[in-house]
Amino acid sequence: MAVPVLKQGDYLIASIQSVLSDADLLLLRDKLSGSVGEFRSRGVIIDVTVLDVIDSFATRTLRAIAHMLKLRGAETVIVGIQPDVAFAMVELGLTLEGVGTALDLEEGLAYLDTTLGTKKTMQNPGHGK
Amino acid sequence: MESELHTEIQSAADIVTARQRGRTLAMEIGFAGVDVTLVAAAISEIARNIVDHARRGEIVLSRVENTHPHSRKGIQIVARDEGPGIRDVVKAMQYGYSTRKGLGVGLPGAKWLMDDFEIDSQVGKGTTVTMRKWLH
């Protein structure tokens with residue numbers, strides 16, 4: 001099942017609606033990489049609330065998506081990893097190193113605002129002079 | 001032993017089917033909460049191993065009971081394929097070791113998630129992984 005991607009200002013929100021097959025995840029990767037360019041998005045939120053398992057393949061793909069989008073100039077944050085899913089990931093030794101995570105959509109938006117806002121300040125140290 | 005639930009694994013889409021069946025059976029047996037997720041995650045890893053290395057095989061789920069050392073019941077997951085087999089099982093069980101593009105998490109990861117884990121592999125003949133999780 002394809003994952004709908006919504007545009008929200010500078011951000012894209014990919015809201016996973018059902019259990020995903022490997023193919024769906026790879027489709028999402030390609031779609032997001034294209035959409036970031038099309039909409040000139042600076043941040044991407046991937047909502048994984050409905051996922052009942054995040055296995056090694058899903059972890060690797062989510063990590064790949066985040067790194068790819070970074071190369072395209074956008075920050076990614078994964079939101080909604082459920083407690084049981086997080087526990088299983090830890091047991092499997094799976095990490096999302098280098099990828100932003102947040103509790104839910106709201107926190108994800110706040111994360112992007114902070115991350116991208118900080119960047120803006122750092123890139124323009126003379127701003128407001 | 002009671003009836004077995006067979007799931008053919010021929011493509012990545014079958015991994016989802018196998019783990020959903022595992023989840024359902026685990027709940028029927030009496031597992032709850034995080035244990036159900038751990039069973040599903042273990043099935044996911046082991047089924048992926050079939051797809052990545054053997055291309056096809058099957059996952060057989062069943063209810064198990066034993067009386068020794070004490071009366072208990074659990075779920076048994078057998079992953080069977082007639083793929084190339086594993087040349088070095090000890091190495092394959094090392095975390096982070098992968099002959100493919102994987103993370104090398106599959107086999108050792110599944111072992112961590114379950115209580116019992118046995119692997120029988122013959123080069124050129126195939127691999128059978130048997131794992132069980134007991135209700136505590």
# chains A, B, ... in the order shown; residues from 1 in each chain; ligands from 1
$ select_by_dssp --residues "chain A" --states "strand (DSSP E or B)" --output "CSV table (one decimal) with C-alpha atoms, in the first residue's frame"
chain,number,residue,atom,x,y,z
A,5,VAL,CA,2.9,12.3,1.4
A,6,LEU,CA,1.4,15.6,2.4
A,7,LYS,CA,3.0,19.0,2.0
A,8,GLN,CA,2.8,21.2,5.0
A,11,TYR,CA,7.8,20.2,5.4
A,12,LEU,CA,6.6,16.9,4.0
A,13,ILE,CA,4.7,14.5,6.1
A,14,ALA,CA,4.7,10.8,5.1
A,15,SER,CA,2.1,9.1,7.2
A,43,GLY,CA,12.1,18.9,6.5
A,44,VAL,CA,10.4,15.5,6.3
A,45,ILE,CA,8.4,13.7,9.0
A,46,ILE,CA,7.9,10.0,8.6
A,47,ASP,CA,5.1,8.8,10.9
A,75,GLU,CA,16.2,17.0,7.6
A,76,THR,CA,14.2,13.8,8.5
A,77,VAL,CA,12.5,12.9,11.7
A,78,ILE,CA,10.9,9.6,12.4
A,79,VAL,CA,7.9,9.8,14.7
A,100,GLY,CA,16.1,12.3,14.2
A,101,THR,CA,13.3,10.8,16.2
A,102,ALA,CA,10.4,12.3,18.1
$ residues_around --residues "Ile59 of chain B" --least-positions-apart "2" --cutoff "12 Å" --atoms "only C-alpha atoms" --output "NGL selection string"
:B and (4-10 or 14-22 or 42-51 or 56-57 or 61-62 or 76-81 or 127-131)
$ write_last_selection --atoms "N, CA and C atoms" --output "short mmCIF file (atom, residue, chain, number, x, y, z; two decimals), in the first residue's frame"
data_model
loop_
_atom_site.label_atom_id
_atom_site.label_comp_id
_atom_site.auth_asym_id
_atom_site.auth_seq_id
_atom_site.Cartn_x
_atom_site.Cartn_y
_atom_site.Cartn_z
N GLU B 4 -0.21 -27.53 12.50
CA GLU B 4 0.85 -26.60 12.11
C GLU B 4 0.30 -25.61 11.10
N LEU B 5 0.85 -24.42 11.14
CA LEU B 5 0.42 -23.36 10.23
C LEU B 5 1.58 -23.09 9.27
N HIS B 6 1.39 -23.46 8.02
CA HIS B 6 2.45 -23.29 7.04
C HIS B 6 2.30 -22.00 6.26
N THR B 7 3.38 -21.26 6.11
CA THR B 7 3.38 -20.08 5.26
C THR B 7 4.52 -20.19 4.27
N GLU B 8 4.17 -20.23 3.00
CA GLU B 8 5.20 -20.26 1.96
C GLU B 8 5.90 -18.91 1.93
N ILE B 9 7.22 -18.94 1.85
CA ILE B 9 7.98 -17.69 1.73
C ILE B 9 8.65 -17.67 0.36
N GLN B 10 8.12 -16.81 -0.50
CA GLN B 10 8.70 -16.72 -1.85
C GLN B 10 9.12 -15.30 -2.18
N ASP B 14 5.58 -12.06 1.59
CA ASP B 14 5.21 -13.20 2.43
C ASP B 14 5.72 -13.04 3.87
N ILE B 15 6.75 -12.22 4.03
CA ILE B 15 7.31 -11.99 5.37
C ILE B 15 6.24 -11.37 6.25
N VAL B 16 5.51 -10.43 5.68
CA VAL B 16 4.44 -9.74 6.42
C VAL B 16 3.36 -10.74 6.82
N THR B 17 2.98 -11.63 5.89
CA THR B 17 1.97 -12.64 6.17
C THR B 17 2.43 -13.54 7.32
N ALA B 18 3.66 -14.01 7.24
CA ALA B 18 4.18 -14.94 8.25
C ALA B 18 4.18 -14.29 9.63
N ARG B 19 4.61 -13.04 9.70
CA ARG B 19 4.70 -12.44 11.03
C ARG B 19 3.33 -12.07 11.58
N GLN B 20 2.38 -11.78 10.68
CA GLN B 20 1.03 -11.51 11.19
C GLN B 20 0.38 -12.79 11.73
N ARG B 21 0.63 -13.91 11.04
CA ARG B 21 0.12 -15.19 11.54
C ARG B 21 0.77 -15.54 12.88
N GLY B 22 2.05 -15.25 12.98
CA GLY B 22 2.78 -15.51 14.22
C GLY B 22 2.22 -14.70 15.37
N ALA B 42 11.07 -11.68 15.49
CA ALA B 42 11.94 -12.84 15.22
C ALA B 42 11.53 -13.52 13.91
N ILE B 43 10.22 -13.65 13.70
CA ILE B 43 9.73 -14.26 12.46
C ILE B 43 10.15 -13.41 11.27
N SER B 44 10.06 -12.11 11.44
CA SER B 44 10.43 -11.19 10.36
C SER B 44 11.88 -11.40 9.94
N GLU B 45 12.76 -11.48 10.92
CA GLU B 45 14.19 -11.63 10.62
C GLU B 45 14.49 -12.97 9.95
N ILE B 46 13.86 -14.01 10.48
CA ILE B 46 14.16 -15.36 9.99
C ILE B 46 13.56 -15.58 8.60
N ALA B 47 12.39 -14.97 8.36
CA ALA B 47 11.76 -15.09 7.05
C ALA B 47 12.55 -14.29 6.01
N ARG B 48 13.08 -13.18 6.46
CA ARG B 48 13.88 -12.36 5.54
C ARG B 48 15.14 -13.11 5.13
N ASN B 49 15.67 -13.86 6.06
CA ASN B 49 16.85 -14.68 5.77
C ASN B 49 16.58 -15.65 4.62
N ILE B 50 15.38 -16.21 4.63
CA ILE B 50 14.99 -17.13 3.55
C ILE B 50 14.96 -16.38 2.22
N VAL B 51 14.29 -15.23 2.23
CA VAL B 51 14.15 -14.46 0.99
C VAL B 51 15.53 -14.03 0.46
N ARG B 56 13.41 -19.07 -1.53
CA ARG B 56 12.11 -19.62 -1.14
C ARG B 56 12.25 -20.66 -0.04
N GLY B 57 11.17 -20.78 0.68
CA GLY B 57 11.17 -21.72 1.79
C GLY B 57 9.84 -21.63 2.49
N LEU B 61 4.48 -22.57 11.86
CA LEU B 61 4.18 -22.12 13.23
C LEU B 61 3.36 -23.18 13.94
N SER B 62 3.66 -23.40 15.19
CA SER B 62 2.84 -24.34 15.95
C SER B 62 2.89 -24.02 17.43
N GLN B 76 6.26 -22.40 18.66
CA GLN B 76 7.44 -22.88 17.94
C GLN B 76 7.40 -22.35 16.51
N ILE B 77 8.53 -21.88 16.06
CA ILE B 77 8.66 -21.35 14.70
C ILE B 77 9.77 -22.12 14.00
N VAL B 78 9.41 -22.77 12.91
CA VAL B 78 10.43 -23.48 12.14
C VAL B 78 10.54 -22.79 10.78
N ALA B 79 11.75 -22.40 10.43
CA ALA B 79 12.01 -21.79 9.12
C ALA B 79 12.83 -22.78 8.33
N ARG B 80 12.31 -23.19 7.18
CA ARG B 80 12.93 -24.26 6.42
C ARG B 80 13.16 -23.79 4.99
N ASP B 81 14.34 -24.03 4.48
CA ASP B 81 14.57 -23.74 3.07
C ASP B 81 15.50 -24.77 2.47
N THR B 127 18.73 -25.03 4.95
CA THR B 127 18.85 -24.63 6.35
C THR B 127 17.51 -24.77 7.04
N THR B 128 17.55 -25.26 8.26
CA THR B 128 16.34 -25.28 9.09
C THR B 128 16.66 -24.60 10.43
N VAL B 129 15.87 -23.61 10.73
CA VAL B 129 16.01 -22.93 12.02
C VAL B 129 14.77 -23.26 12.84
N THR B 130 14.98 -23.72 14.06
CA THR B 130 13.85 -24.01 14.94
C THR B 130 13.98 -23.13 16.17
N MET B 131 12.96 -22.36 16.45
CA MET B 131 13.03 -21.52 17.64
C MET B 131 11.71 -21.56 18.40
#
$ interface_residues --of "chain B" --to "chain A" --cutoff "10 Å" --atoms "only C-alpha atoms" --output "MDAnalysis selection string"
chainID B and resid 11:17 19:20 23 33:45 48 95:96 102:113
$ atom_distance --atom1 "atom CA of Ala66 of chain A" --atom2 "atom CA of Leu28 of chain A"
11.5 Å
$ select_by_dssp --residues "chain B" --states "alpha helix (DSSP H)" --output "ChimeraX atom specification"
/B:12-29,34-49,89-92,106-113
$ write_last_selection --atoms "C-alpha atoms" --output "PDB file, in the first residue's frame"
ATOM      1  CA  ALA B  12       9.275 -10.129   0.745  1.00  0.00           C
ATOM      2  CA  ALA B  13       5.486  -9.730   0.831  1.00  0.00           C
ATOM      3  CA  ASP B  14       5.207 -13.195   2.434  1.00  0.00           C
ATOM      4  CA  ILE B  15       7.310 -11.991   5.369  1.00  0.00           C
ATOM      5  CA  VAL B  16       4.443  -9.740   6.422  1.00  0.00           C
ATOM      6  CA  THR B  17       1.969 -12.643   6.172  1.00  0.00           C
ATOM      7  CA  ALA B  18       4.179 -14.936   8.255  1.00  0.00           C
ATOM      8  CA  ARG B  19       4.699 -12.440  11.028  1.00  0.00           C
ATOM      9  CA  GLN B  20       1.025 -11.512  11.191  1.00  0.00           C
ATOM     10  CA  ARG B  21       0.119 -15.191  11.538  1.00  0.00           C
ATOM     11  CA  GLY B  22       2.782 -15.510  14.219  1.00  0.00           C
ATOM     12  CA  ARG B  23       1.358 -12.550  16.057  1.00  0.00           C
ATOM     13  CA  THR B  24      -2.144 -14.033  15.946  1.00  0.00           C
ATOM     14  CA  LEU B  25      -1.019 -17.484  17.116  1.00  0.00           C
ATOM     15  CA  ALA B  26       1.133 -16.012  19.892  1.00  0.00           C
ATOM     16  CA  MET B  27      -1.887 -14.129  21.225  1.00  0.00           C
ATOM     17  CA  GLU B  28      -4.062 -17.256  21.005  1.00  0.00           C
ATOM     18  CA  ILE B  29      -1.486 -19.137  23.052  1.00  0.00           C
ATOM     19  CA  VAL B  34       5.862  -6.948  24.133  1.00  0.00           C
ATOM     20  CA  ASP B  35       6.301 -10.733  23.827  1.00  0.00           C
ATOM     21  CA  VAL B  36       3.940 -10.773  20.862  1.00  0.00           C
ATOM     22  CA  THR B  37       6.035  -8.084  19.190  1.00  0.00           C
ATOM     23  CA  LEU B  38       9.240 -10.009  19.928  1.00  0.00           C
ATOM     24  CA  VAL B  39       7.800 -13.146  18.293  1.00  0.00           C
ATOM     25  CA  ALA B  40       6.715 -11.120  15.255  1.00  0.00           C
ATOM     26  CA  ALA B  41      10.134  -9.478  15.003  1.00  0.00           C
ATOM     27  CA  ALA B  42      11.940 -12.837  15.220  1.00  0.00           C
ATOM     28  CA  ILE B  43       9.728 -14.263  12.458  1.00  0.00           C
ATOM     29  CA  SER B  44      10.426 -11.188  10.365  1.00  0.00           C
ATOM     30  CA  GLU B  45      14.189 -11.632  10.616  1.00  0.00           C
ATOM     31  CA  ILE B  46      14.159 -15.357   9.994  1.00  0.00           C
ATOM     32  CA  ALA B  47      11.757 -15.089   7.048  1.00  0.00           C
ATOM     33  CA  ARG B  48      13.883 -12.362   5.545  1.00  0.00           C
ATOM     34  CA  ASN B  49      16.847 -14.675   5.775  1.00  0.00           C
ATOM     35  CA  VAL B  89      27.221 -21.384  11.038  1.00  0.00           C
ATOM     36  CA  VAL B  90      29.373 -20.021  13.877  1.00  0.00           C
ATOM     37  CA  LYS B  91      30.247 -16.985  11.794  1.00  0.00           C
ATOM     38  CA  ALA B  92      26.656 -16.543  10.615  1.00  0.00           C
ATOM     39  CA  GLY B 106      18.927 -11.621  11.293  1.00  0.00           C
ATOM     40  CA  LEU B 107      20.060 -14.899  12.855  1.00  0.00           C
ATOM     41  CA  PRO B 108      21.721 -13.648  16.054  1.00  0.00           C
ATOM     42  CA  GLY B 109      18.922 -11.119  16.522  1.00  0.00           C
ATOM     43  CA  ALA B 110      16.226 -13.768  16.260  1.00  0.00           C
ATOM     44  CA  LYS B 111      18.130 -15.921  18.759  1.00  0.00           C
ATOM     45  CA  TRP B 112      18.131 -13.096  21.292  1.00  0.00           C
ATOM     46  CA  LEU B 113      14.404 -12.590  20.940  1.00  0.00           C
TER      47      LEU B 113
END
$ atom_distance --atom1 "atom CA of Ser33 of chain A" --atom2 "atom CA of Ile16 of chain A"
16.2 Å
$ residues_around --residues "Val36 of chain A" --least-positions-apart "4" --cutoff "8 Å" --atoms "only C-alpha atoms" --output "ChimeraX atom specification"
/A:12,32,40-42,69,72,74
$ atom_distance --atom1 "atom CA of Met1 of chain A" --atom2 "atom CA of Gly80 of chain A"
18.9 Å
